[in-house]
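For reference, input.cif (mmCIF, C-alpha atoms and all ligand atoms):
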```cif
data_model
loop_
_atom_site.label_atom_id
_atom_site.label_comp_id
_atom_site.auth_asym_id
_atom_site.auth_seq_id
_atom_site.Cartn_x
_atom_site.Cartn_y
_atom_site.Cartn_z
CA MET Y 1 0.00 0.00 0.00
CA ALA Y 2 1.27 3.51 -0.80
CA PRO Y 3 2.69 5.47 2.15
CA ARG Y 4 0.21 7.89 3.63
CA THR Y 5 0.73 11.28 5.19
CA ARG Y 6 -1.17 11.88 8.40
CA GLY Y 7 -3.86 14.53 7.95
CA ALA Y 8 -3.60 14.65 4.15
CA THR Y 9 -6.53 13.43 2.06
CA ASP Y 10 -5.38 11.27 -0.84
CA PRO Y 11 -7.06 11.31 -4.28
CA GLY Y 12 -9.13 8.29 -3.25
CA GLY Y 13 -10.67 10.34 -0.44
CA GLN Y 14 -8.78 8.61 2.39
CA ARG Y 15 -7.17 10.52 5.23
CA GLN Y 16 -4.80 8.94 7.69
CA LEU Y 17 -5.90 9.61 11.25
CA LEU Y 18 -3.32 7.45 13.02
CA SER Y 19 -0.03 6.05 11.75
CA ALA Y 20 1.33 2.70 12.89
CA GLY Y 21 3.39 4.52 15.53
CA ASP Y 22 0.33 6.44 16.69
CA VAL Y 23 -1.59 3.16 17.07
CA ALA Y 24 1.22 1.72 19.22
CA ARG Y 25 1.37 4.83 21.40
CA THR Y 26 -2.40 4.95 21.72
CA VAL Y 27 -2.60 1.30 22.79
CA ALA Y 28 0.16 1.91 25.34
CA ARG Y 29 -1.69 4.93 26.76
CA MET Y 30 -4.92 2.98 27.00
CA ALA Y 31 -3.12 0.13 28.78
CA HIS Y 32 -1.85 2.61 31.38
CA GLN Y 33 -5.36 4.03 31.79
CA ILE Y 34 -6.89 0.57 32.29
CA ILE Y 35 -4.25 -0.30 34.90
CA GLU Y 36 -4.99 2.93 36.75
CA LYS Y 37 -8.79 2.84 36.58
CA THR Y 38 -9.09 -0.85 37.48
CA THR Y 39 -6.46 -0.42 40.24
CA LEU Y 40 -4.76 -3.49 38.78
CA GLY Y 41 -2.16 -4.84 41.18
CA SER Y 42 -3.64 -3.26 44.31
CA ALA Y 43 -4.88 -5.45 47.16
CA SER Y 44 -8.48 -4.50 46.49
CA ALA Y 45 -8.31 -4.83 42.70
CA PRO Y 46 -11.00 -6.92 41.05
CA ARG Y 47 -10.09 -9.77 38.73
CA VAL Y 48 -9.74 -8.05 35.35
CA VAL Y 49 -10.55 -9.83 32.08
CA LEU Y 50 -10.20 -8.27 28.61
CA LEU Y 51 -12.69 -9.50 26.02
CA GLY Y 52 -12.29 -8.31 22.44
CA VAL Y 53 -15.15 -8.00 19.97
CA PRO Y 54 -14.13 -9.64 16.68
CA SER Y 55 -12.90 -8.87 14.25
CA ARG Y 56 -10.40 -6.24 15.35
CA GLY Y 57 -11.32 -5.97 19.00
CA ALA Y 58 -9.81 -9.41 19.61
CA PRO Y 59 -6.22 -8.59 18.57
CA LEU Y 60 -6.57 -5.20 20.23
CA ALA Y 61 -7.44 -6.90 23.52
CA GLN Y 62 -4.32 -9.07 23.14
CA ARG Y 63 -2.17 -6.01 22.49
CA LEU Y 64 -3.59 -4.21 25.52
CA ALA Y 65 -2.93 -7.26 27.70
CA THR Y 66 0.65 -7.47 26.46
CA ARG Y 67 1.23 -3.80 27.28
CA MET Y 68 -0.50 -4.11 30.66
CA ALA Y 69 1.77 -7.06 31.53
CA GLU Y 70 4.83 -5.00 30.55
CA PHE Y 71 3.73 -2.00 32.63
CA SER Y 72 2.30 -3.78 35.69
CA GLY Y 73 3.88 -7.24 35.68
CA ILE Y 74 0.40 -8.73 35.83
CA GLU Y 75 -0.92 -11.11 33.18
CA VAL Y 76 -4.51 -10.22 32.45
CA PRO Y 77 -6.59 -13.00 30.89
CA THR Y 78 -8.01 -12.18 27.48
CA GLY Y 79 -10.65 -13.67 25.25
CA ALA Y 80 -13.17 -12.79 22.60
CA VAL Y 81 -16.91 -12.45 22.49
CA ASP Y 82 -18.70 -12.90 19.18
CA VAL Y 83 -21.76 -10.69 19.00
CA THR Y 84 -23.11 -11.79 15.62
CA LEU Y 85 -26.16 -13.68 16.88
CA TYR Y 86 -26.99 -10.91 19.34
CA ARG Y 87 -27.12 -8.11 16.76
CA ASP Y 88 -30.44 -6.32 16.40
CA ASP Y 89 -29.90 -6.07 12.64
CA LEU Y 90 -29.21 -9.80 12.16
CA ARG Y 91 -32.27 -10.26 9.99
CA ARG Y 92 -31.61 -7.11 7.96
CA LYS Y 93 -28.13 -8.06 6.82
CA PRO Y 94 -26.85 -10.77 4.49
CA THR Y 95 -25.60 -13.90 6.24
CA MET Y 96 -22.68 -13.02 8.48
CA PRO Y 97 -19.94 -15.50 9.42
CA LEU Y 98 -19.63 -16.34 13.09
CA HIS Y 99 -16.44 -15.59 14.98
CA GLU Y 100 -15.00 -17.54 17.86
CA THR Y 101 -16.01 -16.75 21.42
CA VAL Y 102 -13.13 -17.48 23.78
CA VAL Y 103 -13.66 -17.25 27.52
CA PRO Y 104 -10.60 -17.39 29.80
CA ASP Y 105 -10.34 -20.51 31.99
CA ASP Y 106 -11.67 -18.86 35.14
CA GLY Y 107 -14.69 -17.45 33.31
CA ILE Y 108 -16.11 -14.00 33.79
CA ASP Y 109 -18.24 -14.46 36.92
CA ASP Y 110 -17.47 -11.64 39.37
CA ALA Y 111 -14.69 -10.31 37.14
CA LEU Y 112 -14.34 -6.75 35.90
CA VAL Y 113 -14.73 -7.33 32.18
CA VAL Y 114 -13.23 -4.74 29.85
CA LEU Y 115 -14.87 -5.07 26.44
CA VAL Y 116 -12.48 -4.00 23.68
CA ASP Y 117 -13.43 -2.88 20.18
CA ASP Y 118 -11.76 -0.90 17.44
CA VAL Y 119 -14.52 1.60 16.60
CA LEU Y 120 -17.49 2.89 18.60
CA TYR Y 121 -20.21 4.32 16.37
CA SER Y 122 -23.93 3.66 16.89
CA GLY Y 123 -23.23 1.58 20.00
CA ARG Y 124 -25.27 -1.35 18.67
CA THR Y 125 -22.30 -3.72 18.60
CA VAL Y 126 -21.57 -2.96 22.24
CA ARG Y 127 -25.23 -3.48 23.14
CA ALA Y 128 -25.03 -6.87 21.42
CA ALA Y 129 -21.83 -7.64 23.32
CA LEU Y 130 -23.55 -6.90 26.63
CA ASP Y 131 -26.29 -9.36 25.68
CA ALA Y 132 -23.69 -11.95 24.69
CA LEU Y 133 -21.93 -11.54 28.05
CA ARG Y 134 -25.17 -12.43 29.82
CA ASP Y 135 -24.87 -15.93 28.36
CA LEU Y 136 -21.27 -16.26 29.56
CA GLY Y 137 -21.64 -15.28 33.20
CA ARG Y 138 -22.27 -12.42 35.57
CA PRO Y 139 -19.37 -9.98 35.67
CA ARG Y 140 -18.99 -7.72 38.67
CA ALA Y 141 -18.83 -4.80 36.26
CA VAL Y 142 -18.27 -4.14 32.58
CA GLN Y 143 -16.18 -1.36 31.08
CA LEU Y 144 -15.57 -0.44 27.45
CA ALA Y 145 -12.32 0.37 25.68
CA VAL Y 146 -12.30 1.54 22.04
CA LEU Y 147 -9.46 2.66 19.84
CA VAL Y 148 -11.67 5.21 18.03
CA ASP Y 149 -14.91 6.87 19.08
CA ARG Y 150 -16.41 8.42 15.96
CA GLY Y 151 -19.65 9.66 17.54
CA HIS Y 152 -23.21 9.23 16.19
CA ARG Y 153 -24.45 7.10 19.07
CA GLU Y 154 -27.92 5.61 18.70
CA LEU Y 155 -27.98 4.09 22.18
CA PRO Y 156 -26.99 5.39 25.64
CA ILE Y 157 -23.52 3.82 25.55
CA ARG Y 158 -20.17 5.46 26.26
CA ALA Y 159 -16.63 4.20 26.47
CA ASP Y 160 -14.49 4.23 29.62
CA TYR Y 161 -11.26 4.28 27.60
CA VAL Y 162 -10.99 6.04 24.23
CA GLY Y 163 -7.83 6.01 22.15
CA LYS Y 164 -8.94 8.86 19.90
CA ASN Y 165 -12.16 10.82 19.52
CA VAL Y 166 -12.78 11.53 15.84
CA PRO Y 167 -15.62 13.82 14.75
CA THR Y 168 -17.06 12.25 11.59
CA ALA Y 169 -19.86 12.72 9.10
CA THR Y 170 -22.33 9.90 8.56
CA ASP Y 171 -21.14 9.43 4.97
CA GLU Y 172 -17.61 8.83 6.24
CA GLY Y 173 -16.20 5.66 7.72
CA VAL Y 174 -13.34 4.87 10.05
CA ASP Y 175 -11.21 1.91 8.98
CA VAL Y 176 -8.87 0.49 11.59
CA LEU Y 177 -6.03 -1.59 10.17
CA LEU Y 178 -4.19 -4.05 12.39
CA SER Y 179 -1.21 -6.07 11.26
CA GLU Y 180 -2.72 -9.30 12.62
CA LEU Y 181 -5.58 -9.02 10.11
CA ASP Y 182 -4.59 -6.35 7.62
CA GLY Y 183 -0.83 -6.65 7.33
CA GLU Y 184 -0.27 -3.12 8.64
CA ASP Y 185 -1.35 -0.79 11.44
CA GLY Y 186 -3.17 2.49 10.96
CA VAL Y 187 -6.49 4.28 11.15
CA LEU Y 188 -8.08 5.85 8.09
CA LEU Y 189 -11.00 8.20 7.60
CA VAL Y 190 -12.64 7.08 4.37
CA ARG Y 191 -15.47 8.39 2.26
CA ARG Y 192 -18.16 5.73 2.11
CA GLY Y 193 -20.30 7.64 -0.35
CA GLU Y 194 -23.61 7.22 1.37
CA ALA Y 195 -24.93 8.13 4.79
CA ARG Y 196 -26.35 5.30 6.84
O1 LIG A 1 -21.06 1.07 17.14
P1 LIG A 1 -21.44 0.32 15.90
O2 LIG A 1 -22.33 1.11 14.98
O3 LIG A 1 -22.01 -1.03 16.19
O4 LIG A 1 -20.13 0.12 15.02
C1 LIG A 1 -18.93 -0.35 15.55
C2 LIG A 1 -18.62 -1.73 15.06
O5 LIG A 1 -18.53 -1.73 13.64
C3 LIG A 1 -17.37 -2.45 13.26
O6 LIG A 1 -17.61 -3.78 13.19
P2 LIG A 1 -18.25 -4.48 11.91
O7 LIG A 1 -19.65 -4.86 12.25
O8 LIG A 1 -18.06 -3.61 10.72
O9 LIG A 1 -17.43 -5.81 11.78
P3 LIG A 1 -15.84 -6.04 11.77
O10 LIG A 1 -15.37 -5.87 13.19
O11 LIG A 1 -15.70 -7.44 11.33
O12 LIG A 1 -15.24 -5.04 10.84
C4 LIG A 1 -16.41 -2.16 14.38
O13 LIG A 1 -15.39 -3.14 14.44
C5 LIG A 1 -17.29 -2.19 15.59
O14 LIG A 1 -17.39 -3.49 16.12
O1 LIG A 2 -16.98 3.92 10.49
C1 LIG A 2 -17.20 2.86 11.07
C2 LIG A 2 -18.47 2.57 11.63
C3 LIG A 2 -18.63 1.39 12.27
N1 LIG A 2 -17.62 0.52 12.33
C4 LIG A 2 -16.42 0.80 11.79
O2 LIG A 2 -15.50 -0.02 11.88
N2 LIG A 2 -16.23 1.97 11.18
#
```
Could you rewrite the structure in this file as structure tokens?
Ligand SMILES: O=P(O)(O)OC[C@H]1O[C@H](OP(=O)(O)OP(=O)(O)O)[C@H](O)[C@@H]1O
Ligand SMILES: O=c1cc[nH]c(=O)[nH]1
Amino acid sequence: MAPRTRGATDPGGQRQLLSAGDVARTVARMAHQIIEKTTLGSASAPRVVLLGVPSRGAPLAQRLATRMAEFSGIEVPTGAVDVTLYRDDLRRKPTMPLHETVVPDDGIDDALVVLVDDVLYSGRTVRAALDALRDLGRPRAVQLAVLVDRGHRELPIRADYVGKNVPTATDEGVDVLLSELDGEDGVLLVRRGEAR
């Protein structure tokens, strides 16, 4: 892929919001924030579990856990929660492939679950994730970490940890690229051509 300049819009209508280095720094900052807010490592800290929402929330959760282990010395269990069957638009969309749900060995009962996703938009994916969690156990509390909050919420949902707030128009999209799935890291603002 051609190199991109942050902030510049290319002829295809794409603008780089975060470079690979920015993504790494943002993930590191979020890891510090999660350690601080969950009081990880303190005597009274709850058991913290990171659960990523596929596709890109899952590798993001792994990256956060890696950083948190580096910064705190504590290994935080991670997993993934597939929300596909809990979506409220399931019947409106073409058939969607299922992703794996992976629950850490000790489960999520009484744990502080941090849901991790790449983009927060309408909030409907997070609502579906909360429904999916109900079938996995009863966490003590649930928090939300997103790499990008692009606004336009349709439900009363907010994130506890936000890598970057990006004001967007409804005919724009935010594409998060992660090397695990996309071969490179970055965040792009793209023109989708139609408002949803
Ligand atoms: O707040 P929302 O309006 O629900 O949008 C956010 C969701 O949209 C994207 O997922 P998408 O459904 O495109 O699937 P993907 O993760 O496989 O790209 C993104 O990864 C979030 O999960
Ligand atoms: O722009 C958007 C909206 C929802 N989900 C994304 O990944 N990007």
Closest of Y:Ala80, Y:Val148, Y:Ala58, Y:Leu40 to ligand LIG 2 (chain A), counting all atoms listed in the file, is Y:Val148
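The space separating CA of Arg87 (chain Y) from CA of Ala128 (chain Y) comes to 5.3 Å.
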If we count all atoms listed in the file and set the cut-off at 9 Å, which residues sit around Asp88 (chain Y), ignoring sequence neighbours fewer than 4 positions away in its own chain? Please answer as a PDB file with C-alpha atoms, in the coordinates of the input.
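Contents of the output file selection.pdb:
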```pdb
ATOM      1  CA  ARG Y  92     -31.610  -7.110   7.960  1.00  0.00           C
ATOM      2  CA  ARG Y 124     -25.270  -1.350  18.670  1.00  0.00           C
ATOM      3  CA  THR Y 125     -22.300  -3.720  18.600  1.00  0.00           C
ATOM      4  CA  ARG Y 127     -25.230  -3.480  23.140  1.00  0.00           C
ATOM      5  CA  ALA Y 128     -25.030  -6.870  21.420  1.00  0.00           C
TER       6      ALA Y 128
END
```
Per-residue nearest contacts of chain Y to ligand LIG 1 (chain A) (7 Å; all atoms listed in the file) as JSON lines:
```
{"residue": "Y:Val53", "atom": "CA", "partner": "A:LIG1", "partner_atom": "O14", "distance": 6.3}
{"residue": "Y:Pro54", "atom": "CA", "partner": "A:LIG1", "partner_atom": "O10", "distance": 5.3}
{"residue": "Y:Ser55", "atom": "CA", "partner": "A:LIG1", "partner_atom": "O10", "distance": 4.0}
{"residue": "Y:Arg56", "atom": "CA", "partner": "A:LIG1", "partner_atom": "O10", "distance": 5.4}
{"residue": "Y:Gly57", "atom": "CA", "partner": "A:LIG1", "partner_atom": "O13", "distance": 6.7}
{"residue": "Y:Asp117", "atom": "CA", "partner": "A:LIG1", "partner_atom": "O14", "distance": 5.7}
{"residue": "Y:Asp118", "atom": "CA", "partner": "A:LIG1", "partner_atom": "O13", "distance": 5.2}
{"residue": "Y:Val119", "atom": "CA", "partner": "A:LIG1", "partner_atom": "C4", "distance": 4.8}
{"residue": "Y:Leu120", "atom": "CA", "partner": "A:LIG1", "partner_atom": "O1", "distance": 4.3}
{"residue": "Y:Tyr121", "atom": "CA", "partner": "A:LIG1", "partner_atom": "O1", "distance": 3.4}
{"residue": "Y:Ser122", "atom": "CA", "partner": "A:LIG1", "partner_atom": "O2", "distance": 3.6}
{"residue": "Y:Gly123", "atom": "CA", "partner": "A:LIG1", "partner_atom": "O1", "distance": 3.6}
{"residue": "Y:Arg124", "atom": "CA", "partner": "A:LIG1", "partner_atom": "O3", "distance": 4.1}
{"residue": "Y:Thr125", "atom": "CA", "partner": "A:LIG1", "partner_atom": "O3", "distance": 3.6}
{"residue": "Y:Val126", "atom": "CA", "partner": "A:LIG1", "partner_atom": "O3", "distance": 6.4}
```
- Task: May I ask which of the residues Y:Leu18, Y:Met96, Y:Val48, Y:Leu112 is the closest one to Val166 (chain Y), counting all atoms listed in the file?
- Result: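 Between Y:Leu18, Y:Met96, Y:Val48, Y:Leu112, the residue approaching Val166 (chain Y) most closely is Y:Leu18.
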A straight line from CA of Arg192 (chain Y) to CA of Pro97 (chain Y) spans 22.5 Å
Requested in this report: For each of Y:Arg158, Y:Lys37, Y:Arg150, Y:Arg91, take the minimum atom-to-atom distance to ligand LIG 2 (chain A), counting only C-alpha atoms and all ligand atoms, then give the residue where this is smallest.
Outcome: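 Closest residue, counting only C-alpha atoms and all ligand atoms: Y:Arg150.
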Spatial neighbours of region 134-138 of chain Y, max dist 6 Å, all atoms listed in the file, sep filter under 2 positions, as a list in words:
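Listing them by chain and then by number gives Ile108, Asp109, Asp131 and Ala132 of chain Y.
Pairwise distance (CA of Val176 (chain Y), CA of Gly73 (chain Y)) equals 28.3 Å.
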| Selection as a PyMOL selection string: residues within 8 Å of (-10.8, -6.9, 31.6), counting only C-alpha atoms | chain Y and resi 47-51+76-78+111-115+143
Practice task
List every protein, DNA or RNA residue that has at least one atom no more than 6 Å from (-9.0, 7.9, 6.6) in the file's coordinates, counting all atoms listed in the file, and write the result as a list of chain:residue names.
Solution key: Y:Gln14, Y:Arg15, Y:Gln16, Y:Leu17, Y:Leu188, Y:Leu189, Y:Val190
Residues from the last selection, C-alpha atoms, saved as a CSV table (one decimal), in the frame of the given file:
```
chain,number,residue,atom,x,y,z
Y,14,GLN,CA,-8.8,8.6,2.4
Y,15,ARG,CA,-7.2,10.5,5.2
Y,16,GLN,CA,-4.8,8.9,7.7
Y,17,LEU,CA,-5.9,9.6,11.2
Y,188,LEU,CA,-8.1,5.8,8.1
Y,189,LEU,CA,-11.0,8.2,7.6
Y,190,VAL,CA,-12.6,7.1,4.4
```
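Of the listed residues Y:Ala20, Y:Val27, Y:Val174, Y:Ala69, the one whose atoms come nearest to ligand LIG 2 (chain A) is Y:Val174, with distances taken using only C-alpha atoms and all ligand atoms.
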- Best match for closeness to ligand LIG 2 (chain A) among Y:Ser44, Y:Thr168, Y:Gln33, Y:Thr9, counting all atoms listed in the file: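 Answer, going by the shortest atom-to-atom distance: Y:Thr168.
Of the listed residues Y:Leu144, Y:Leu98, Y:Ala61, Y:Leu90, the one whose atoms come nearest to Thr38 (chain Y) is Y:Leu144, with distances taken using all atoms listed in the file.
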* Asked: Hey, what's within 9 Å of Arg63 (chain Y) if we count only C-alpha atoms and toss same-chain stuff fewer than 3 positions away? As number ranges by chain, please?
  -> Y: 27-28, 31, 58-60, 66-68
What would region 131-158 of chain Y look like with N, CA and C atoms restored, written as a compact mmCIF listing (two decimals), keeping the file's coordinate frame?
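The resulting part-v8.txt:
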```txt
# COMPACT_ATOMS: atom_id res chain seq x y z
N ASP Y 131 -25.36 -8.22 25.70
CA ASP Y 131 -26.29 -9.36 25.68
C ASP Y 131 -25.53 -10.68 25.63
N ALA Y 132 -24.48 -10.72 24.81
CA ALA Y 132 -23.69 -11.95 24.69
C ALA Y 132 -23.04 -12.31 26.03
N LEU Y 133 -22.57 -11.29 26.75
CA LEU Y 133 -21.93 -11.54 28.05
C LEU Y 133 -22.89 -12.22 29.01
N ARG Y 134 -24.17 -11.86 28.91
CA ARG Y 134 -25.17 -12.43 29.82
C ARG Y 134 -25.22 -13.94 29.71
N ASP Y 135 -24.88 -14.47 28.53
CA ASP Y 135 -24.87 -15.93 28.36
C ASP Y 135 -23.56 -16.55 28.82
N LEU Y 136 -22.59 -15.73 29.17
CA LEU Y 136 -21.27 -16.26 29.56
C LEU Y 136 -21.05 -16.21 31.06
N GLY Y 137 -21.82 -15.40 31.76
CA GLY Y 137 -21.64 -15.28 33.20
C GLY Y 137 -22.15 -13.95 33.70
N ARG Y 138 -21.82 -13.68 34.97
CA ARG Y 138 -22.27 -12.42 35.57
C ARG Y 138 -21.06 -11.64 36.07
N PRO Y 139 -20.53 -10.77 35.22
CA PRO Y 139 -19.37 -9.98 35.67
C PRO Y 139 -19.76 -9.06 36.82
N ARG Y 140 -18.76 -8.71 37.60
CA ARG Y 140 -18.99 -7.72 38.67
C ARG Y 140 -19.28 -6.35 38.07
N ALA Y 141 -18.61 -6.06 36.98
CA ALA Y 141 -18.83 -4.80 36.26
C ALA Y 141 -18.28 -4.96 34.85
N VAL Y 142 -18.76 -4.12 33.96
CA VAL Y 142 -18.27 -4.14 32.58
C VAL Y 142 -17.83 -2.73 32.21
N GLN Y 143 -16.65 -2.64 31.62
CA GLN Y 143 -16.18 -1.36 31.08
C GLN Y 143 -15.93 -1.53 29.59
N LEU Y 144 -15.75 -0.41 28.90
CA LEU Y 144 -15.57 -0.44 27.45
C LEU Y 144 -14.33 0.35 27.05
N ALA Y 145 -13.50 -0.29 26.23
CA ALA Y 145 -12.32 0.37 25.68
C ALA Y 145 -12.40 0.34 24.16
N VAL Y 146 -12.27 1.50 23.52
CA VAL Y 146 -12.30 1.54 22.04
C VAL Y 146 -11.12 2.36 21.54
N LEU Y 147 -10.58 1.92 20.42
CA LEU Y 147 -9.46 2.66 19.84
C LEU Y 147 -9.94 4.00 19.28
N VAL Y 148 -11.12 3.98 18.62
CA VAL Y 148 -11.67 5.21 18.03
C VAL Y 148 -13.13 5.35 18.39
N ASP Y 149 -13.50 6.52 18.90
CA ASP Y 149 -14.91 6.87 19.08
C ASP Y 149 -15.24 7.90 18.01
N ARG Y 150 -16.11 7.51 17.07
CA ARG Y 150 -16.41 8.42 15.96
C ARG Y 150 -17.75 9.13 16.12
N GLY Y 151 -18.39 8.96 17.28
CA GLY Y 151 -19.65 9.66 17.54
C GLY Y 151 -20.84 8.98 16.88
N HIS Y 152 -21.96 9.70 16.83
CA HIS Y 152 -23.21 9.23 16.19
C HIS Y 152 -23.88 8.09 16.96
N ARG Y 153 -23.84 8.17 18.27
CA ARG Y 153 -24.45 7.10 19.07
C ARG Y 153 -25.96 7.02 18.87
N GLU Y 154 -26.48 5.83 18.80
CA GLU Y 154 -27.92 5.61 18.70
C GLU Y 154 -28.47 4.99 19.98
N LEU Y 155 -27.59 4.71 20.91
CA LEU Y 155 -27.98 4.09 22.18
C LEU Y 155 -27.20 4.78 23.30
N PRO Y 156 -27.70 4.72 24.54
CA PRO Y 156 -26.99 5.39 25.64
C PRO Y 156 -25.78 4.59 26.11
N ILE Y 157 -24.74 4.60 25.28
CA ILE Y 157 -23.52 3.82 25.55
C ILE Y 157 -22.33 4.76 25.41
N ARG Y 158 -21.40 4.66 26.36
CA ARG Y 158 -20.17 5.46 26.26
C ARG Y 158 -18.99 4.59 26.65
```
